[in-house]
>>> print(open('entry_5.txt').read())   # compact mmCIF, C-alpha atoms
# COMPACT_ATOMS: atom_id res chain seq x y z
CA MET A 381 16.21 -16.42 11.48
CA LYS A 382 19.81 -15.27 11.53
CA ASP A 383 20.56 -17.46 8.53
CA TYR A 384 17.65 -15.99 6.63
CA ARG A 385 18.83 -12.45 7.33
CA LYS A 386 22.23 -13.50 5.99
CA GLN A 387 20.58 -14.65 2.75
CA PHE A 388 18.79 -11.30 2.45
CA TRP A 389 22.05 -9.35 2.68
CA LEU A 390 23.80 -11.83 0.40
CA GLY A 391 21.16 -11.00 -2.24
CA ALA A 392 21.63 -7.27 -1.68
CA ARG A 393 25.40 -7.68 -2.04
CA ASP A 394 25.18 -9.76 -5.21
CA LEU A 395 23.07 -7.05 -6.80
CA LEU A 396 25.71 -4.34 -6.27
CA PRO A 397 27.75 -5.06 -9.45
CA LEU A 398 24.54 -4.82 -11.50
CA ILE A 399 24.05 -1.22 -10.35
CA SER A 400 26.52 -0.14 -13.03
CA GLY A 401 23.83 -1.11 -15.54
CA ALA A 402 20.64 -0.19 -13.68
CA ALA A 403 21.67 3.23 -12.33
CA PRO A 404 22.62 4.90 -15.65
CA PHE A 405 19.50 3.40 -17.23
CA GLY A 406 17.37 4.83 -14.40
CA MET A 407 18.98 8.24 -14.80
CA ILE A 408 18.19 8.17 -18.53
CA VAL A 409 14.57 7.26 -17.72
CA GLY A 410 14.32 10.16 -15.27
CA ALA A 411 16.04 12.75 -17.43
CA THR A 412 14.14 11.78 -20.59
CA GLY A 413 10.80 12.16 -18.80
CA ILE A 414 11.68 15.67 -17.68
CA SER A 415 12.96 16.62 -21.13
CA LEU A 416 9.54 15.64 -22.55
CA GLY A 417 7.94 18.25 -20.32
CA MET A 418 6.51 16.00 -17.63
CA SER A 419 6.52 17.21 -14.02
CA PRO A 420 8.88 15.49 -11.53
CA GLU A 421 5.85 14.08 -9.63
CA MET A 422 4.54 12.51 -12.82
CA VAL A 423 7.87 10.95 -13.76
CA MET A 424 8.33 9.50 -10.26
CA GLY A 425 4.72 8.31 -10.08
CA MET A 426 5.05 6.66 -13.47
CA THR A 427 8.32 5.02 -12.36
CA ALA A 428 6.75 3.63 -9.17
CA LEU A 429 3.70 2.31 -11.02
CA PHE A 430 5.62 0.76 -13.93
CA PHE A 431 8.83 -0.38 -12.21
CA ALA A 432 9.85 -1.36 -15.76
CA GLY A 433 12.34 0.88 -17.52
CA SER A 434 12.04 -0.37 -21.10
CA ALA A 435 8.24 -0.07 -21.05
CA GLN A 436 8.55 3.42 -19.63
CA LEU A 437 10.96 4.53 -22.38
CA ALA A 438 8.70 3.07 -25.07
CA ALA A 439 5.69 4.80 -23.48
CA TYR A 440 7.51 8.16 -23.55
CA THR A 441 7.98 7.93 -27.32
CA LEU A 442 4.32 7.06 -27.84
CA ILE A 443 3.06 9.79 -25.49
CA GLN A 444 5.16 12.26 -27.48
CA ASP A 445 3.58 10.97 -30.72
CA ASN A 446 0.10 11.47 -29.22
CA ALA A 447 -0.65 7.78 -29.73
CA PRO A 448 -4.07 6.54 -28.53
CA PHE A 449 -4.39 5.25 -24.95
CA ILE A 450 -5.01 1.66 -26.03
CA ILE A 451 -1.90 1.53 -28.27
CA ILE A 452 0.37 2.75 -25.48
CA LEU A 453 -1.17 0.27 -23.05
CA ALA A 454 -0.83 -2.62 -25.54
CA THR A 455 2.80 -1.78 -26.37
CA ALA A 456 3.76 -1.58 -22.69
CA MET A 457 2.00 -4.89 -22.01
CA VAL A 458 3.82 -6.64 -24.88
CA ILE A 459 7.19 -5.35 -23.63
CA ASN A 460 6.34 -6.51 -20.11
CA LEU A 461 5.15 -9.96 -21.19
CA ARG A 462 8.65 -11.23 -20.43
CA PHE A 463 7.81 -10.85 -16.73
CA SER A 464 5.47 -13.82 -17.08
CA ILE A 465 8.56 -16.00 -17.70
CA TYR A 466 9.97 -14.80 -14.39
CA SER A 467 6.60 -15.37 -12.77
CA ALA A 468 6.58 -18.98 -14.01
CA THR A 469 10.19 -19.48 -12.88
CA PHE A 470 9.56 -18.29 -9.33
CA ALA A 471 6.03 -19.67 -8.94
CA PRO A 472 7.20 -22.63 -6.80
CA LEU A 473 9.05 -20.18 -4.51
CA LEU A 474 6.54 -17.36 -4.21
CA GLY A 475 3.22 -19.12 -4.83
CA PRO A 476 2.90 -20.66 -1.34
CA LEU A 477 3.73 -17.37 0.50
CA PRO A 478 1.04 -15.36 2.36
CA LYS A 479 -0.72 -12.85 0.15
CA ARG A 480 1.08 -9.67 1.25
CA TYR A 481 4.57 -11.13 0.65
CA ARG A 482 3.45 -12.84 -2.55
CA PHE A 483 2.05 -9.61 -3.98
CA THR A 484 4.95 -7.42 -2.85
CA LEU A 485 7.63 -9.71 -4.25
CA ALA A 486 5.67 -10.26 -7.48
CA TYR A 487 5.44 -6.49 -7.97
CA MET A 488 9.22 -6.23 -7.59
CA LEU A 489 10.16 -8.97 -10.09
CA SER A 490 12.68 -7.66 -12.61
CA ASP A 491 15.28 -8.72 -15.16
CA GLN A 492 18.03 -8.45 -12.56
CA THR A 493 16.14 -10.46 -9.96
CA TYR A 494 15.51 -13.16 -12.53
CA GLY A 495 19.16 -13.18 -13.61
CA LEU A 496 20.58 -13.54 -10.10
CA CYS A 497 17.96 -15.80 -8.52
CA SER A 498 17.79 -18.36 -11.32
CA MET A 499 21.55 -19.05 -11.27
CA PRO A 500 22.50 -22.72 -10.77
CA ALA A 501 24.18 -21.91 -7.43
CA GLN A 502 20.80 -20.86 -5.99
CA MET A 503 19.26 -24.26 -6.65
CA GLN A 504 21.29 -25.86 -3.84
CA LYS A 505 19.63 -23.66 -1.20
CA THR A 506 16.44 -24.43 0.70
CA THR A 507 13.21 -22.78 -0.44
CA ALA A 508 13.12 -20.38 2.52
CA GLU A 509 16.73 -19.32 1.91
CA ARG A 510 15.96 -18.68 -1.75
CA VAL A 511 12.93 -16.52 -0.88
CA TRP A 512 15.02 -14.38 1.48
CA TYR A 513 17.79 -14.08 -1.09
CA LEU A 514 15.25 -13.05 -3.73
CA ALA A 515 13.76 -10.48 -1.35
CA GLY A 516 17.24 -9.00 -0.77
CA VAL A 517 17.92 -8.69 -4.50
CA ALA A 518 14.47 -7.33 -5.37
CA LEU A 519 14.23 -4.76 -2.59
CA THR A 520 17.75 -3.45 -3.16
CA LEU A 521 17.11 -3.07 -6.87
CA TYR A 522 13.84 -1.26 -6.17
CA VAL A 523 15.58 1.29 -3.93
CA VAL A 524 18.49 1.74 -6.36
CA TRP A 525 16.07 2.16 -9.27
CA MET A 526 13.94 4.83 -7.57
CA ILE A 527 17.04 6.76 -6.46
CA SER A 528 18.64 6.71 -9.91
CA VAL A 529 15.44 7.84 -11.65
CA GLY A 530 15.22 10.60 -9.03
CA LEU A 531 18.80 11.63 -9.85
CA GLY A 532 17.92 11.72 -13.55
CA VAL A 533 14.90 13.90 -12.76
CA ALA A 534 17.16 16.26 -10.78
CA LEU A 535 19.66 16.46 -13.64
CA GLY A 536 16.71 16.95 -15.95
CA ALA A 537 17.28 18.73 -19.20
CA GLY A 538 20.73 19.90 -18.00
CA ILE A 539 22.40 17.49 -20.43
CA PRO A 540 23.09 19.12 -23.83
CA PRO A 541 21.11 17.54 -26.74
CA SER A 542 24.29 17.34 -28.87
CA TRP A 543 25.47 14.43 -26.68
CA SER A 544 22.63 12.34 -28.21
CA LEU A 545 22.05 10.65 -24.87
CA GLU A 546 18.84 9.16 -26.27
CA PHE A 547 21.04 6.82 -28.34
CA THR A 548 22.01 5.04 -25.10
CA ILE A 549 18.48 3.54 -25.09
CA PRO A 550 18.78 1.42 -28.29
CA LEU A 551 22.38 0.59 -27.32
CA ALA A 552 21.21 -0.73 -23.95
CA PHE A 553 18.50 -2.81 -25.64
CA LEU A 554 21.09 -4.08 -28.13
CA ALA A 555 23.47 -5.17 -25.36
CA MET A 556 20.60 -7.02 -23.64
CA LEU A 557 19.70 -8.58 -26.99
CA VAL A 558 23.22 -9.97 -27.46
CA THR A 559 23.10 -11.65 -24.03
CA THR A 560 19.63 -13.16 -24.61
CA ILE A 561 20.62 -14.84 -27.88
CA THR A 562 21.82 -18.24 -26.67
CA SER A 563 20.81 -20.42 -29.62
CA ARG A 564 20.48 -20.28 -33.39
CA LEU A 565 16.68 -20.30 -33.11
CA LEU A 566 16.70 -17.22 -30.85
CA PHE A 567 19.05 -15.53 -33.33
CA MET A 568 16.55 -16.20 -36.13
CA VAL A 569 13.73 -14.83 -33.97
CA ALA A 570 15.72 -11.62 -33.45
CA ILE A 571 16.47 -11.31 -37.19
CA ILE A 572 12.80 -11.78 -38.19
CA SER A 573 11.52 -9.39 -35.55
CA GLY A 574 14.21 -6.77 -36.28
CA SER A 575 13.62 -6.79 -40.04
CA CYS A 576 9.84 -6.59 -39.58
CA ALA A 577 10.30 -3.66 -37.20
CA VAL A 578 12.30 -1.85 -39.92
CA LEU A 579 9.81 -2.78 -42.68
CA PHE A 580 6.71 -1.76 -40.74
CA GLN A 581 8.02 1.25 -38.88
CA LEU A 582 5.86 3.61 -40.91
CA LEU A 583 2.68 2.01 -39.57
CA PRO A 584 0.99 4.57 -37.30
CA PHE A 585 1.70 4.73 -33.57
CA ASN A 586 4.30 2.04 -33.28
CA THR A 587 1.85 -0.73 -34.23
CA GLY A 588 4.74 -2.03 -36.37
CA PHE A 589 6.39 -2.99 -33.09
CA ILE A 590 3.57 -5.34 -32.15
CA VAL A 591 3.54 -6.80 -35.69
CA ALA A 592 7.31 -7.38 -35.49
CA VAL A 593 7.20 -9.12 -32.10
CA THR A 594 4.32 -11.33 -33.26
CA ALA A 595 6.20 -12.23 -36.45
CA GLY A 596 9.38 -13.00 -34.49
CA VAL A 597 7.65 -15.26 -31.98
CA GLY A 598 5.56 -16.85 -34.76
CA GLY A 599 8.73 -17.58 -36.71
CA GLY A 600 10.32 -19.08 -33.61
CA VAL A 601 7.36 -21.42 -33.16
CA LEU A 602 7.07 -22.45 -36.83
CA LEU A 603 10.71 -22.53 -37.99
CA PRO A 604 11.90 -25.70 -36.19
CA GLY A 605 9.01 -27.68 -37.73
CA LEU A 606 9.51 -26.20 -41.22
CA LEU A 607 13.27 -26.84 -41.23
CA LYS A 608 12.76 -30.41 -40.06
CA MET A 609 10.25 -30.95 -42.88
CA ARG A 610 12.62 -29.61 -45.50
CA GLY A 611 15.43 -31.75 -44.08
CA ALA A 612 13.17 -34.82 -44.30
CA SER A 613 12.18 -34.19 -47.93
CA HIS A 614 15.84 -34.09 -49.00
CA GLU A 615 16.46 -37.59 -47.78
CA MET B 1048 -2.57 11.86 -24.83
CA SER B 1049 -1.25 15.07 -23.27
CA ASP B 1050 -3.99 15.71 -20.72
CA ASN B 1051 -2.52 15.09 -17.25
CA LEU B 1052 -5.50 13.16 -15.88
CA GLN B 1053 -5.46 10.90 -18.92
CA LEU B 1054 -1.74 10.28 -18.44
CA TRP B 1055 -2.27 9.28 -14.80
CA LEU B 1056 -5.03 6.92 -15.91
CA LEU B 1057 -2.62 5.42 -18.43
CA PHE B 1058 0.11 5.00 -15.80
CA PHE B 1059 -2.30 3.25 -13.42
CA ALA B 1060 -3.56 0.99 -16.22
CA VAL B 1061 -0.02 -0.01 -17.26
CA GLY B 1062 1.00 -0.41 -13.61
CA LEU B 1063 -1.95 -2.71 -12.87
CA GLY B 1064 -1.45 -4.69 -16.10
CA THR B 1065 2.27 -5.12 -15.41
CA PHE B 1066 1.57 -6.26 -11.86
CA LEU B 1067 -0.94 -8.83 -13.12
CA ILE B 1068 1.60 -10.16 -15.64
CA ARG B 1069 4.20 -10.47 -12.88
CA LEU B 1070 1.73 -12.17 -10.57
CA SER B 1071 0.20 -14.45 -13.23
CA PHE B 1072 1.98 -17.78 -12.79
CA ILE B 1073 2.81 -17.16 -9.14
CA GLN B 1074 -0.89 -16.86 -8.40
CA LEU B 1075 -1.73 -19.90 -10.55
CA HIS B 1076 0.91 -22.00 -8.82
CA GLY B 1077 -0.37 -25.46 -8.05
CA SER B 1078 -3.29 -25.30 -10.46
CA ALA B 1079 -1.71 -24.63 -13.83
CA GLU B 1080 1.44 -26.72 -14.15
CA ALA B 1081 0.44 -27.97 -17.63
CA LEU B 1082 -0.26 -24.43 -18.86
CA ILE B 1083 3.13 -23.25 -17.57
CA ALA B 1084 4.95 -26.09 -19.31
CA ARG B 1085 3.19 -25.36 -22.58
CA SER B 1086 3.58 -21.56 -22.58
CA LYS B 1087 7.18 -21.51 -21.38
CA HIS B 1088 8.53 -22.45 -24.80
CA ILE B 1089 6.72 -19.55 -26.48
CA LEU B 1090 7.57 -17.13 -23.68
CA MET B 1091 11.28 -17.90 -24.06
CA LEU B 1092 11.10 -16.55 -27.62
CA LEU B 1093 9.80 -13.17 -26.44
CA PRO B 1094 12.93 -11.41 -25.13
CA PRO B 1095 14.95 -11.54 -28.39
CA ALA B 1096 11.86 -10.62 -30.44
CA ILE B 1097 11.01 -7.63 -28.24
CA LEU B 1098 14.56 -6.35 -27.86
CA ALA B 1099 15.32 -6.61 -31.59
CA ALA B 1100 12.10 -4.79 -32.53
CA LEU B 1101 12.90 -2.06 -30.00
CA CYS B 1102 16.50 -1.34 -30.92
CA ILE B 1103 17.14 -2.17 -34.58
CA PRO B 1104 15.06 0.61 -36.23
CA ALA B 1105 16.38 3.16 -33.72
CA ILE B 1106 19.98 2.17 -34.54
CA ILE B 1107 19.70 2.13 -38.34
CA PHE B 1108 17.79 5.37 -38.76
CA THR B 1109 18.33 8.81 -37.28
CA ARG B 1110 15.50 10.66 -35.62
CA PRO B 1111 12.94 11.62 -36.76
CA LEU B 1112 12.26 8.08 -37.90
CA THR B 1113 9.86 9.25 -40.62
CA ALA B 1114 12.79 10.69 -42.60
CA TYR B 1115 14.32 7.22 -43.19
CA GLN B 1116 17.85 8.58 -43.06
CA VAL B 1117 20.38 5.78 -42.53
CA ASP B 1118 22.98 6.79 -39.93
CA TYR B 1119 26.32 5.03 -40.55
CA PHE B 1120 27.93 6.41 -37.38
CA GLN B 1121 25.18 4.86 -35.28
CA LEU B 1122 25.64 1.56 -37.15
CA LEU B 1123 29.37 1.53 -36.37
CA ALA B 1124 28.70 2.46 -32.73
CA ALA B 1125 26.21 -0.43 -32.52
CA LEU B 1126 28.82 -2.80 -33.96
CA VAL B 1127 31.27 -1.77 -31.24
CA ALA B 1128 28.55 -2.29 -28.61
CA ILE B 1129 27.82 -5.79 -29.95
CA LEU B 1130 31.51 -6.73 -29.81
CA ILE B 1131 31.83 -5.51 -26.21
CA ALA B 1132 28.55 -7.20 -25.22
CA LYS B 1133 29.99 -10.51 -26.47
CA PHE B 1134 32.66 -10.31 -23.79
CA SER B 1135 31.05 -8.45 -20.89
CA ARG B 1136 27.74 -9.58 -19.42
CA SER B 1137 26.90 -6.10 -18.15
CA VAL B 1138 24.88 -3.54 -20.09
CA PHE B 1139 26.99 -0.61 -18.97
CA TRP B 1140 30.22 -1.22 -20.90
CA PRO B 1141 28.66 -1.87 -24.33
CA VAL B 1142 26.65 1.35 -23.96
CA MET B 1143 29.75 3.32 -22.90
CA GLY B 1144 31.84 1.87 -25.74
CA GLY B 1145 29.14 2.56 -28.31
CA MET B 1146 28.62 6.14 -27.14
CA LEU B 1147 32.38 6.85 -27.12
CA CYS B 1148 32.59 5.49 -30.67
CA LEU B 1149 29.66 7.68 -31.76
CA TRP B 1150 31.13 10.82 -30.19
CA LEU B 1151 34.56 10.07 -31.68
CA LEU B 1152 33.15 9.57 -35.21
CA ARG B 1153 31.13 12.78 -35.00
CA PHE B 1154 34.13 14.69 -33.63
CA ILE B 1155 36.39 13.47 -36.46
CA SER B 1156 33.86 14.21 -39.18
CA SER B 1157 32.92 17.68 -37.92
>>> encode(input="entry_5.txt", output="structure tokens")
Amino acid sequence: MKDYRKQFWLGARDLLPLISGAAPFGMIVGATGISLGMSPEMVMGMTALFFAGSAQLAAYTLIQDNAPFIIILATAMVINLRFSIYSATFAPLLGPLPKRYRFTLAYMLSDQTYGLCSMPAQMQKTTAERVWYLAGVALTLYVVWMISVGLGVALGAGIPPSWSLEFTIPLAFLAMLVTTITSRLLFMVAIISGSCAVLFQLLPFNTGFIVAVTAGVGGGVLLPGLLKMRGASHE
Amino acid sequence: MSDNLQLWLLFFAVGLGTFLIRLSFIQLHGSAEALIARSKHILMLLPPAILAALCIPAIIFTRPLTAYQVDYFQLLAALVAILIAKFSRSVFWPVMGGMLCLWLLRFISS
């Protein structure tokens, strides 16, 4: 038991350096919600229900545009589809747990948890140790996230618009994009999706976003086969 | 979509949907190994596709997006952010560097 508690706090400690990224992002999420005219209760409720910052920021834009319910829901779901990768990664760890722990830890899965808990160093630990470590990371991030959104809500619209703080959102996505591109294929996927997003951005209610993501993933699936075929015909 | 009740409904729907996505493979564990193996390849392509579609239009064009006004300062700031992101794994420093670049360019040109 003592060893497991140690793993929990080890997870909490390993998360600390990542706060420099999560906390400012959370504050932007909180402050942007308030600046759109939502009440503090609504922003905090939304944050607790989503526990997904990028989906929340995208939803803000669509709510402001008066997009239909189903479009906002679909966009948020597409953005959050990446969580299914994390779900697949941690299925052997979390699947056998009793329901209440399984559900709680699944709800708290995040980019940061995935990043820390799928590191090669973790693979040498026992399953129980890994679960406790994951719980430490996930719970700490949850607390940090809620506090930083709360701080953003408190700051509210106090930040002058001339600072263009909203530009931190695409910059943050861009920085994440650079770190996710680990192969030439993923680079191509990003190029296809990005150009489609620019081409189709005049489609109503951000549906261009869904088109772009579909095109990017479709390209990623088809390209390796197509390139191989072309290579073969040259020979 | 401005009615408060409707917004709460939306938040609950997204919250439930997100939870189900997170739970998906964990819940299926033990009964869907083949499905996981097959979908993992496609799922790996999602992050770059999503992130690129989210950030590239917002970086090239100034708000409101409907005006289609290319913003060169934002492009330069993004370039700085990319360079920093190549070296630091965190999200914080690229954002800081990009914002400083943007503020500096606007200050010089004003």
>>> closest_atom_pairs(input="entry_5.txt", of="chain B", to="chain A", cutoff="8 Å", atoms="all atoms listed in the file", output="Markdown table")
| residue | atom | partner | partner_atom | distance |
| --- | --- | --- | --- | --- |
| B:Met1048 | CA | A:Asn446 | CA | 5.2 |
| B:Ser1049 | CA | A:Asn446 | CA | 7.1 |
| B:Trp1055 | CA | A:Met422 | CA | 7.8 |
| B:Leu1057 | CA | A:Phe449 | CA | 6.8 |
| B:Phe1058 | CA | A:Met426 | CA | 5.7 |
| B:Phe1059 | CA | A:Leu429 | CA | 6.5 |
| B:Ala1060 | CA | A:Leu453 | CA | 7.3 |
| B:Val1061 | CA | A:Leu453 | CA | 5.9 |
| B:Gly1062 | CA | A:Leu429 | CA | 4.6 |
| B:Leu1063 | CA | A:Leu429 | CA | 7.8 |
| B:Gly1064 | CA | A:Met457 | CA | 6.8 |
| B:Thr1065 | CA | A:Asn460 | CA | 6.4 |
| B:Phe1066 | CA | A:Tyr487 | CA | 5.5 |
| B:Ile1068 | CA | A:Ser464 | CA | 5.5 |
| B:Arg1069 | CA | A:Phe463 | CA | 5.3 |
| B:Leu1070 | CA | A:Ala486 | CA | 5.4 |
| B:Ser1071 | CA | A:Ser467 | CA | 6.5 |
| B:Phe1072 | CA | A:Ala468 | CA | 4.9 |
| B:Ile1073 | CA | A:Ala471 | CA | 4.1 |
| B:Gln1074 | CA | A:Gly475 | CA | 5.9 |
| B:Leu1075 | CA | A:Gly475 | CA | 7.6 |
| B:His1076 | CA | A:Gly475 | CA | 5.4 |
| B:Gly1077 | CA | A:Gly475 | CA | 8.0 |
| B:Ile1083 | CA | A:Ala468 | CA | 6.5 |
| B:Lys1087 | CA | A:Ile465 | CA | 6.8 |
| B:Ile1089 | CA | A:Val601 | CA | 7.0 |
| B:Leu1090 | CA | A:Ile465 | CA | 6.2 |
| B:Met1091 | CA | A:Ile465 | CA | 7.2 |
| B:Leu1092 | CA | A:Val597 | CA | 5.7 |
| B:Leu1093 | CA | A:Val597 | CA | 6.3 |
| B:Pro1094 | CA | A:Arg462 | CA | 6.4 |
| B:Pro1095 | CA | A:Ala570 | CA | 5.1 |
| B:Ala1096 | CA | A:Ala570 | CA | 5.0 |
| B:Ile1097 | CA | A:Val593 | CA | 5.6 |
| B:Leu1098 | CA | A:Leu557 | CA | 5.7 |
| B:Ala1099 | CA | A:Gly574 | CA | 4.8 |
| B:Ala1100 | CA | A:Gly574 | CA | 4.7 |
| B:Leu1101 | CA | A:Pro550 | CA | 7.0 |
| B:Cys1102 | CA | A:Pro550 | CA | 4.4 |
| B:Ile1103 | CA | A:Gly574 | CA | 5.7 |
| B:Pro1104 | CA | A:Val578 | CA | 5.2 |
| B:Ala1105 | CA | A:Pro550 | CA | 6.2 |
| B:Ile1106 | CA | A:Pro550 | CA | 6.4 |
| B:Thr1113 | CA | A:Leu582 | CA | 6.9 |
| B:Ala1125 | CA | A:Leu551 | CA | 6.5 |
| B:Ala1128 | CA | A:Ala555 | CA | 6.7 |
| B:Ile1129 | CA | A:Ala555 | CA | 6.4 |
| B:Ala1132 | CA | A:Ala555 | CA | 5.5 |
| B:Lys1133 | CA | A:Val558 | CA | 6.9 |
| B:Arg1136 | CA | A:Thr559 | CA | 6.9 |
| B:Ser1137 | CA | A:Gly401 | CA | 6.4 |
| B:Val1138 | CA | A:Gly401 | CA | 5.3 |
| B:Phe1139 | CA | A:Gly401 | CA | 4.7 |
| B:Pro1141 | CA | A:Ala555 | CA | 6.2 |
| B:Val1142 | CA | A:Leu551 | CA | 5.5 |
| B:Gly1145 | CA | A:Leu551 | CA | 7.1 |
| B:Met1146 | CA | A:Thr548 | CA | 7.0 |
| B:Trp1150 | CA | A:Trp543 | CA | 7.6 |
>>> atom_distance(input="entry_5.txt", atom1="atom CA of A:Leu416", atom2="atom CA of B:Leu1054")
13.1 Å
>>> residues_around(input="entry_5.txt", residues="B:Ile1107", least_positions_apart="5", cutoff="10 Å", atoms="only C-alpha atoms", output="MDAnalysis selection string")
(chainID A and resid 578) or (chainID B and resid 1102 1112 1115:1123 1125)
>>> atom_distance(input="entry_5.txt", atom1="atom CA of A:Tyr481", atom2="atom CA of A:Ile527")
22.9 Å
>>> atom_distance(input="entry_5.txt", atom1="atom CA of A:Thr587", atom2="atom CA of A:Thr412")
22.2 Å
>>> closest_residue(input="entry_5.txt", among="A:Ser563, A:Gln387, A:Ser415, A:Thr520", to="A:Thr506", atoms="only C-alpha atoms")
A:Gln387
>>> axis_aligned_box(input="entry_5.txt", around="stretch 409-426 of chain A", padding_each_side="3 Å", output="JSON")
{"center_x": 10.3, "center_y": 12.5, "center_z": -16.1, "size_x": 17.5, "size_y": 17.6, "size_z": 18.9}
